[in-house]
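Engineer: Pasting in a structure now, in structure tokens, and then I'll have a few things to ask.
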Amino acid sequence: MLVRTQMIHKEPVPTVRSRFDISTMMAKNVVFLFCLFVLYACRQSPVRYSGDPVFPDTDTLQATLINADFIFDFPRQIALSDSLLVIRDVGAAIPGEPAYFHLFSDRGDYLGSFGRRGRGPGELLESTTLTFDRNGTAYAYDPASKKTVCYPLHDSLPCPFREFDMRQALPDSLVRQRYTRITDLLRIPAGDFLVIGNNDFLRFGIYTGQGSVRPIWNTYPQLTAMGTPAEVWSIFNSSAKYRLAPDGSKLACATYVGAVLDCYSVDNDRMERIGTYRIYEPVYKIFEGVTPTQITRTDRTVIGFEDLDVTNRYIYGLLNGCSQGAYAYPDRIVVFDWEGRPVRSYHVDMPLCKIAVDDKRGVIYALTASEGEPCRLVRFDLPDE
């Protein structure tokens, strides 16, 4: 007789140790998954932007025309040194005397031009932001020739000049970092030069006029939830404005693509971020196949700061707010304190492209930007606070 037997399989009872190991493993997995979730959530969470600022005080300013005769080509900056106005113009406004800089009195009288175009001594192929030392000497950086030229404006024009050859200014450690370059150079009034770089190997540095550049700050603020670091670099190198306070103690950086105001304290040896104030989110597209990464505007891009000027107390800007597809020059001047708080806005009676602020005399100088008309040099008298 065949007897059928049934094998009964019994699961082993976990020991106390195996239960502990399983619990530990599960806890580690939960922690790991939680960390991934947090990282993903932080990556996906939007960076907050305020939108158009609300100013506690608004006023209206009327322009006074102070020069209607001079023909500007493509002005990029008004710089103020004591009672002198210097217009940085990328076009040749004077036949036979192509120059980057045109000098005016504070009454609008044309005094002459300097900074000839060319490859010779004292000449420039390009010109970036014009800055001054405490003696009124103007400094211009030429990224094409990799040199800085200084012009003492207290002398009669044509003024003498000195040059700093900057072809060897980047140390070997930065030269080895591909595509690292100096995009601008700002004179600290009582000190050295503040260098503006183009990536996180060199964002801000110090140059003494002799020797090499020393990086002092290399981080950028987060601007979008998914943007790469290279995209952020490109935003801050796409028509952004950099301005030092007259005493050299603070720096304001304002973007043109979107509106981000990034502010720092400066003491010649180090920098500290005061704050980053996000107004309009940068919207852009990336040039395909271009290295390093470069961004460009789209019809949906909101234009931020058309121009910027700063005093020791306030930050003044031509804040646009229109889209690239419906572009128009701004007809308001906005004021922030160095903590990023909106202080006041001024509605003006014509669109503007450039401003310079004389807070001692209570005057804003500006260049007009009316459609189909040449730029005019005007002034606005500020009301008493």
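For the structure tokens, the naming scheme is as follows: chains receive sequential letters (A, B, ...) according to their order of presentation, residues are indexed from 1 within each chain, and ligands are indexed from 1 in presentation order.
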Report as a list in words: the residues of range 182-354 of chain A with a DSSP assignment of helix (DSSP H, G or I), based on the backbone of this structure.

Structural biologist: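 Answer for range 182-354 of chain A restricted to helix (DSSP H, G or I) is Pro229, Ala230, Glu231, Val232, Trp233, Ser234, Ile235, Gln324, Gly325 and Ala326 of chain A.
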
Engineer: Save the residues we just selected, N, CA and C atoms, as a PDB file, in the first residue's frame?

Structural biologist:
ATOM      1  N   PRO A 229      24.011  76.164 -13.893  1.00  0.00           N
ATOM      2  CA  PRO A 229      24.909  77.270 -13.530  1.00  0.00           C
ATOM      3  C   PRO A 229      25.361  78.090 -14.731  1.00  0.00           C
ATOM      4  N   ALA A 230      25.647  77.430 -15.855  1.00  0.00           N
ATOM      5  CA  ALA A 230      26.100  78.161 -17.042  1.00  0.00           C
ATOM      6  C   ALA A 230      25.028  79.109 -17.561  1.00  0.00           C
ATOM      7  N   GLU A 231      23.758  78.743 -17.421  1.00  0.00           N
ATOM      8  CA  GLU A 231      22.681  79.642 -17.841  1.00  0.00           C
ATOM      9  C   GLU A 231      22.640  80.875 -16.951  1.00  0.00           C
ATOM     10  N   VAL A 232      22.859  80.685 -15.654  1.00  0.00           N
ATOM     11  CA  VAL A 232      22.880  81.817 -14.725  1.00  0.00           C
ATOM     12  C   VAL A 232      24.044  82.748 -15.067  1.00  0.00           C
ATOM     13  N   TRP A 233      25.229  82.178 -15.346  1.00  0.00           N
ATOM     14  CA  TRP A 233      26.361  83.019 -15.742  1.00  0.00           C
ATOM     15  C   TRP A 233      25.986  83.867 -16.942  1.00  0.00           C
ATOM     16  N   SER A 234      25.332  83.235 -17.916  1.00  0.00           N
ATOM     17  CA  SER A 234      25.004  83.938 -19.153  1.00  0.00           C
ATOM     18  C   SER A 234      24.009  85.064 -18.902  1.00  0.00           C
ATOM     19  N   ILE A 235      23.048  84.859 -17.992  1.00  0.00           N
ATOM     20  CA  ILE A 235      22.092  85.923 -17.661  1.00  0.00           C
ATOM     21  C   ILE A 235      22.827  87.131 -17.098  1.00  0.00           C
ATOM     22  N   GLN A 324       9.784  91.441 -24.526  1.00  0.00           N
ATOM     23  CA  GLN A 324      10.603  91.674 -25.706  1.00  0.00           C
ATOM     24  C   GLN A 324       9.722  91.842 -26.941  1.00  0.00           C
ATOM     25  N   GLY A 325       8.613  91.129 -26.990  1.00  0.00           N
ATOM     26  CA  GLY A 325       7.730  91.217 -28.147  1.00  0.00           C
ATOM     27  C   GLY A 325       6.991  92.537 -28.256  1.00  0.00           C
ATOM     28  N   ALA A 326       6.878  93.278 -27.145  1.00  0.00           N
ATOM     29  CA  ALA A 326       6.211  94.587 -27.158  1.00  0.00           C
ATOM     30  C   ALA A 326       7.151  95.632 -26.560  1.00  0.00           C
TER      31      ALA A 326
END

Engineer: Run DSSP on the backbone and grab whatever in range 84-238 of chain A lands in strand (DSSP E or B); send it over as an MDAnalysis selection string.

Structural biologist: chainID A and resid 84:89 99:105 110:117 124 131:132 137:142 147:152 162:165 182:187 193:199 202:207 214:217

Engineer: Which is closest to Tyr365 in chain A among A:Val90, A:Cys353, A:Ala99, A:Ile303, if we use only C-alpha atoms?

Structural biologist: A:Cys353

Engineer: Between A:Asp269, A:Asp57, A:Asp142, A:Asp359, single out the one closest to Ile182 in chain A, counting only C-alpha atoms.

Structural biologist: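 That would be A:Asp142, the residue with the smallest distance to Ile182 in chain A.
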
Engineer: Between A:Leu186, A:Leu125, A:Ala79, A:Leu170, which residue has the minimum interatomic distance to Phe201 in chain A, considering only C-alpha atoms?

Structural biologist: A:Leu170

Engineer: Could you check which of A:Pro75, A:Gly227, A:Gly317, A:Pro46 is closest to Val335 in chain A, using only C-alpha atoms?

Structural biologist: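 Among A:Pro75, A:Gly227, A:Gly317, A:Pro46, it is A:Gly317 that comes nearest to Val335 in chain A.
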
Engineer: For Ala259 in chain A, which of A:Leu244, A:Ile295, A:Leu124, A:Val302 is the closest residue, counting only C-alpha atoms?

Structural biologist: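 The shortest atom-to-atom distance to Ala259 in chain A comes from A:Val302.
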
Engineer: Identify which of the residues A:Asn199, A:Pro330, A:Asp106, A:Tyr346 lies closest to Glu371 in chain A, counting only C-alpha atoms when measuring atom-to-atom distances.

Structural biologist: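 Smallest distance to Glu371 in chain A is found for A:Pro330.
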
Engineer: Report the distance between CA of Ser323 in chain A and CA of Val283 in chain A in Å, rounded to one decimal place.

Structural biologist: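 Rounded to one decimal, the two atoms are 9.9 Å apart.
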
Engineer: Using only C-alpha atoms, which residues sit within 8 Å of Leu377 in chain A once same-chain residues fewer than 5 positions away are excluded, as a ChimeraX atom specification?

Structural biologist: /A:65-68,108,365-368

Engineer: Go ahead and dump the residues you just picked, N, CA and C atoms, as a short mmCIF file (atom, residue, chain, number, x, y, z; two decimals), in the first residue's frame.

Structural biologist:
data_model
loop_
_atom_site.label_atom_id
_atom_site.label_comp_id
_atom_site.auth_asym_id
_atom_site.auth_seq_id
_atom_site.Cartn_x
_atom_site.Cartn_y
_atom_site.Cartn_z
N LEU A 65 15.61 120.27 -21.13
CA LEU A 65 16.56 119.98 -22.19
C LEU A 65 17.82 120.81 -21.98
N ILE A 66 19.00 120.14 -21.95
CA ILE A 66 20.24 120.88 -21.75
C ILE A 66 21.20 120.76 -22.94
N ASN A 67 20.96 119.82 -23.87
CA ASN A 67 21.73 119.79 -25.11
C ASN A 67 20.90 119.09 -26.18
N ALA A 68 20.54 119.85 -27.20
CA ALA A 68 19.75 119.30 -28.30
C ALA A 68 20.55 119.24 -29.60
N GLY A 108 25.29 121.02 -19.79
CA GLY A 108 25.05 120.45 -21.10
C GLY A 108 25.97 120.94 -22.18
N TYR A 365 20.55 113.25 -14.46
CA TYR A 365 20.81 113.49 -15.88
C TYR A 365 20.39 112.25 -16.66
N ALA A 366 19.91 112.46 -17.89
CA ALA A 366 19.39 111.33 -18.65
C ALA A 366 19.52 111.59 -20.14
N LEU A 367 19.45 110.49 -20.89
CA LEU A 367 19.36 110.54 -22.34
C LEU A 367 17.98 110.03 -22.75
N THR A 368 17.31 110.79 -23.60
CA THR A 368 15.97 110.42 -24.04
C THR A 368 16.04 109.32 -25.10
#

Engineer: With only C-alpha atoms as the counted atoms, please give the residues lying no more than 7 Å from Pro56 in chain A, apart from itself and same-chain residues fewer than 2 positions off, as a PyMOL selection string.

Structural biologist: chain A and resi 54+58+343-344

Engineer: Need to verify the contact set: Tyr264 in chain A, 8 Å, only C-alpha atoms, exclusion of same-chain residues closer than 6 positions in sequence. Can you return it as JSON, numbers by chain?

Structural biologist: {"A": [250, 251, 252, 271, 272, 273, 274, 275]}
